[in-house]
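Participant: Here it is, the structure in full.
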2 protein chains.
Amino acid sequence: MQTIRVETPSVKYGVVAGSGLVESLAPRIERVASRLPRRVFVLTSGPIWGLWGETFLASFPEAPVVLFLEPGEKFKTLASAEKLLRQMARAGGDRGSLLIAFGGGIVGDVGGFLAAIFMRGIRYVQVPTTFLAQVDSSVGGKTGVNLPEGKNLVGSFNHPLAVFADIGVLGTLPERELKAGLMESVKAGIIRDRTLVRFMEEHVDQILGREAKALEKVITASIRMKAGVVNKDERENGLRMILNFGHTVGHALEQATHYKTLLHGEAVGWGMVAALFLAGQRGTISRVQFERLESLIHLYGPLPGLKLRTARVVAATGGDKKNVGGVRRFVLPVGIGDAGVVEDVSPAELEAAVGYMLGRAGERLV
Amino acid sequence: MQTIRVETPSVKYGVVAGSGLVESLAPRIERVASRLPRRVFVLTSGPIWGLWGETFLASFPEAPVVLFLEPGEKFKTLASAEKLLRQMARAGGDRGSLLIAFGGGIVGDVGGFLAAIFMRGIRYVQVPTTFLAQVDSSVGGKTGVNLPEGKNLVGSFNHPLAVFADIGVLGTLPERELKAGLMESVKAGIIRDRTLVRFMEEHVDQILGREAKALEKVITASIRMKAGVVNKDERENGLRMILNFGHTVGHALEQATHYKTLLHGEAVGWGMVAALFLAGQRGTISRVQFERLESLIHLYGPLPGLKLRTARVVAATGGDKKNVGGVRRFVLPVGIGDAGVVEDVSPAELEAAVGYMLGRAGERLV
């Protein structure tokens, strides 16, 4: 078990990663919240609660109020949030209440947002149950919901009291979700941690075989990378931008496929392929590094095949939330373990990169 | 023109109170926001915009995107917020955008909330157009919307870049709203500023006659009082509680009359009568002080008459958001210009105070 500290100017909290956390939550939360309040809420999803609810409840002297969010991106809405906030009000929630977000990234995002706005803010704890949520969305305080106009357009920066990432819970995670989540660890390695790149190259079988030790290593390295970046740039003004490596094209792919074909991590996987190509063309990475890093992505694949027109994907890169004032920002690796942000990517460069990536993604369909 | 500084651990900003502010907004906002961003949004209401829209636009080189919130508490909802957030997304709002809340307390609360959650937070400016919003809701960073389960149950602490309280705009404010707003100034005097109490006793005609000098004096004293309290206790953990003087019973009256009979300030007026009676019974104020302060409330009346059962009002005091863990908190004046919070008000004391107040409110109906 390891604890990674997140320390920003506004908050300090720990991300605990290890086994056996879900069955011992109540005393762990008591340690960070001084005591369990009168009303504890758990936001979760039906499937997760079905698998892990009993284990979860074991350590609580009094059963918390369980709130359910229907699974799927289409329920990540203000309407869902309102329904849940009303349930919290009716169940006697007050400013001293505490919320536990127990589920994947969507549960974490919505749970953190509920905690941010219920009675102008109550405390909350993240207990992420997917690999992706453990390494990515549970650290950094980004919370929110979607609008019909775009993903995560509404939300709040709101840090939890603590994050408990239980590796044991990953035992019931579908293979495809594990692999998609691992793309964020690949990303972590490429932009910030060459040791992680090597470890993931050399331990594919152990990681995909879910050996606790290997998973703990990858998860803690990924969290440590993200926490390090967030510590230096809480509000995404500068350094934190590099966490968007693979995301400009990744988001465009999600949008072009109406969020139905690809898991987020898979879209980021293909987005990284495009960004690596671009970096290779620019020479911020060598030809050898390009091939090595693209191979790493495919080691944790195969990523789903895609049949899309280049122009469609390029057009979709324009509406990304990370673009302030209409500028299209791109994160490019510099060697292995470092990255920078550029704003001068030409339409031709972008087309070539997307074209290369779609070529690779088309091969998968043959 | 005066500027009152709000300084909390998390933010510093100024509240500017005086005449001629609406027609010179753009350069004033540029001074606090360094420059006007590509997208400026104005949230306002139809009636206010009809009266003051042209004046407002005068100083803007490019017209901002105007968003309308329908007037009335019943539109202070998450559904309204979602509609407005979608308009902002469609109009090309990004993280660099700025929102100006131009209207009364509801516009300010909703505008501040939109700014808190649009793209996880954009900058905003308050330009309150009612007396109440100028002295009360525009200072302190409380923003939010209602749920069917209760008022302001959803929201955020979110401070503006600046507040511009234009006294000239009060010229078009209905008499009843002015008087209701003045109840918050009476409150300010009673809990924190005996000089303001005396000024309001001695200048009733000038204040109700809306003489600029008298209004500026009352407004700046009220804002200064609130800013002083918020500076010391941003998140309402301690001192800020005293701003709720008159509000425990006031909220109960609003609830018991389904938010239809009384303006907020009027409910607070009657709530203060009850709290003053309670303080008189306990001896935290003398008999003479009680009579003097109750008279002050009626000088800015008459408050609307009420016909309610005591038990109904007492019951409604139980569900106030300010009660953590089920404890009923009460703010009581201590002499004139000071106040404290008590948690041990007995049902009998509360009944007597509400009974006295309802007696006075009943006289108004004869």
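FYI, nothing fancy with the structure tokens labels: chains A, B, ... in order, residues from 1 per chain, ligands from 1 as they appear.
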How large is the C-alpha RMSD when chain B is optimally fitted onto chain A, using all Cα positions paired one-to-one in sequence order?

Facilitator: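 Here the RMSD amounts to 0.0 Å.
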
Participant: Near chain A, meaning an atom within 9 Å, which residues of chain B appear when counting only C-alpha atoms? Write them as an NGL selection string.

Facilitator: :B and (10 or 37-39 or 78-79 or 82 or 85-86 or 89-90 or 94-97 or 114 or 116-121 or 142-144 or 147-150 or 152-157 or 321-326)

Participant: Okay, now the selection with C-alpha atoms, as a PDB file, in the first residue's frame?

Facilitator:
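Everything below was put into selection36.pdb:
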ATOM      1  CA  SER B  10      -8.858  33.174  -1.025  1.00  0.00           C
ATOM      2  CA  PRO B  37     -12.199  38.891 -23.339  1.00  0.00           C
ATOM      3  CA  ARG B  38     -13.509  37.758 -26.710  1.00  0.00           C
ATOM      4  CA  ARG B  39     -16.813  36.713 -25.167  1.00  0.00           C
ATOM      5  CA  LEU B  78     -31.160  24.203 -12.158  1.00  0.00           C
ATOM      6  CA  ALA B  79     -33.347  23.969 -15.266  1.00  0.00           C
ATOM      7  CA  GLU B  82     -28.892  24.559 -17.749  1.00  0.00           C
ATOM      8  CA  LEU B  85     -25.227  27.345 -19.780  1.00  0.00           C
ATOM      9  CA  ARG B  86     -26.235  25.830 -23.107  1.00  0.00           C
ATOM     10  CA  ALA B  89     -21.725  27.117 -24.934  1.00  0.00           C
ATOM     11  CA  ARG B  90     -23.503  27.756 -28.232  1.00  0.00           C
ATOM     12  CA  ASP B  94     -14.700  29.539 -23.353  1.00  0.00           C
ATOM     13  CA  ARG B  95     -12.632  29.514 -20.181  1.00  0.00           C
ATOM     14  CA  GLY B  96     -11.473  33.056 -20.788  1.00  0.00           C
ATOM     15  CA  SER B  97     -15.020  34.426 -21.006  1.00  0.00           C
ATOM     16  CA  LEU B 114     -23.247  30.013 -13.843  1.00  0.00           C
ATOM     17  CA  ALA B 116     -18.807  29.019 -10.972  1.00  0.00           C
ATOM     18  CA  ILE B 117     -19.705  25.989 -13.056  1.00  0.00           C
ATOM     19  CA  PHE B 118     -19.398  27.005 -16.737  1.00  0.00           C
ATOM     20  CA  MET B 119     -16.261  25.196 -17.967  1.00  0.00           C
ATOM     21  CA  ARG B 120     -15.370  24.684 -14.282  1.00  0.00           C
ATOM     22  CA  GLY B 121     -15.325  28.393 -13.599  1.00  0.00           C
ATOM     23  CA  LYS B 142     -22.810  33.114  -2.086  1.00  0.00           C
ATOM     24  CA  THR B 143     -24.327  31.929  -5.329  1.00  0.00           C
ATOM     25  CA  GLY B 144     -26.890  29.319  -6.209  1.00  0.00           C
ATOM     26  CA  LEU B 147     -34.512  22.964  -5.343  1.00  0.00           C
ATOM     27  CA  PRO B 148     -38.178  22.066  -4.882  1.00  0.00           C
ATOM     28  CA  GLU B 149     -37.006  20.908  -1.432  1.00  0.00           C
ATOM     29  CA  GLY B 150     -35.778  24.348  -0.363  1.00  0.00           C
ATOM     30  CA  ASN B 152     -30.481  27.917  -2.184  1.00  0.00           C
ATOM     31  CA  LEU B 153     -29.855  24.236  -1.562  1.00  0.00           C
ATOM     32  CA  VAL B 154     -27.541  24.120  -4.572  1.00  0.00           C
ATOM     33  CA  GLY B 155     -24.747  26.565  -5.209  1.00  0.00           C
ATOM     34  CA  SER B 156     -21.209  27.604  -4.664  1.00  0.00           C
ATOM     35  CA  PHE B 157     -19.056  30.086  -2.803  1.00  0.00           C
ATOM     36  CA  LYS B 321     -29.921  25.235   5.971  1.00  0.00           C
ATOM     37  CA  LYS B 322     -27.991  27.014   8.714  1.00  0.00           C
ATOM     38  CA  ASN B 323     -28.787  24.244  11.147  1.00  0.00           C
ATOM     39  CA  VAL B 324     -25.949  21.758  11.180  1.00  0.00           C
ATOM     40  CA  GLY B 325     -26.743  18.370  12.661  1.00  0.00           C
ATOM     41  CA  GLY B 326     -30.281  19.393  13.598  1.00  0.00           C
TER      42      GLY B 326
END

Participant: Run DSSP on the backbone and tell me which residues of region 190-345 of chain A come out as strand (DSSP E); list them as an MDAnalysis selection string.

Facilitator: chainID A and resid 330:333 339:342
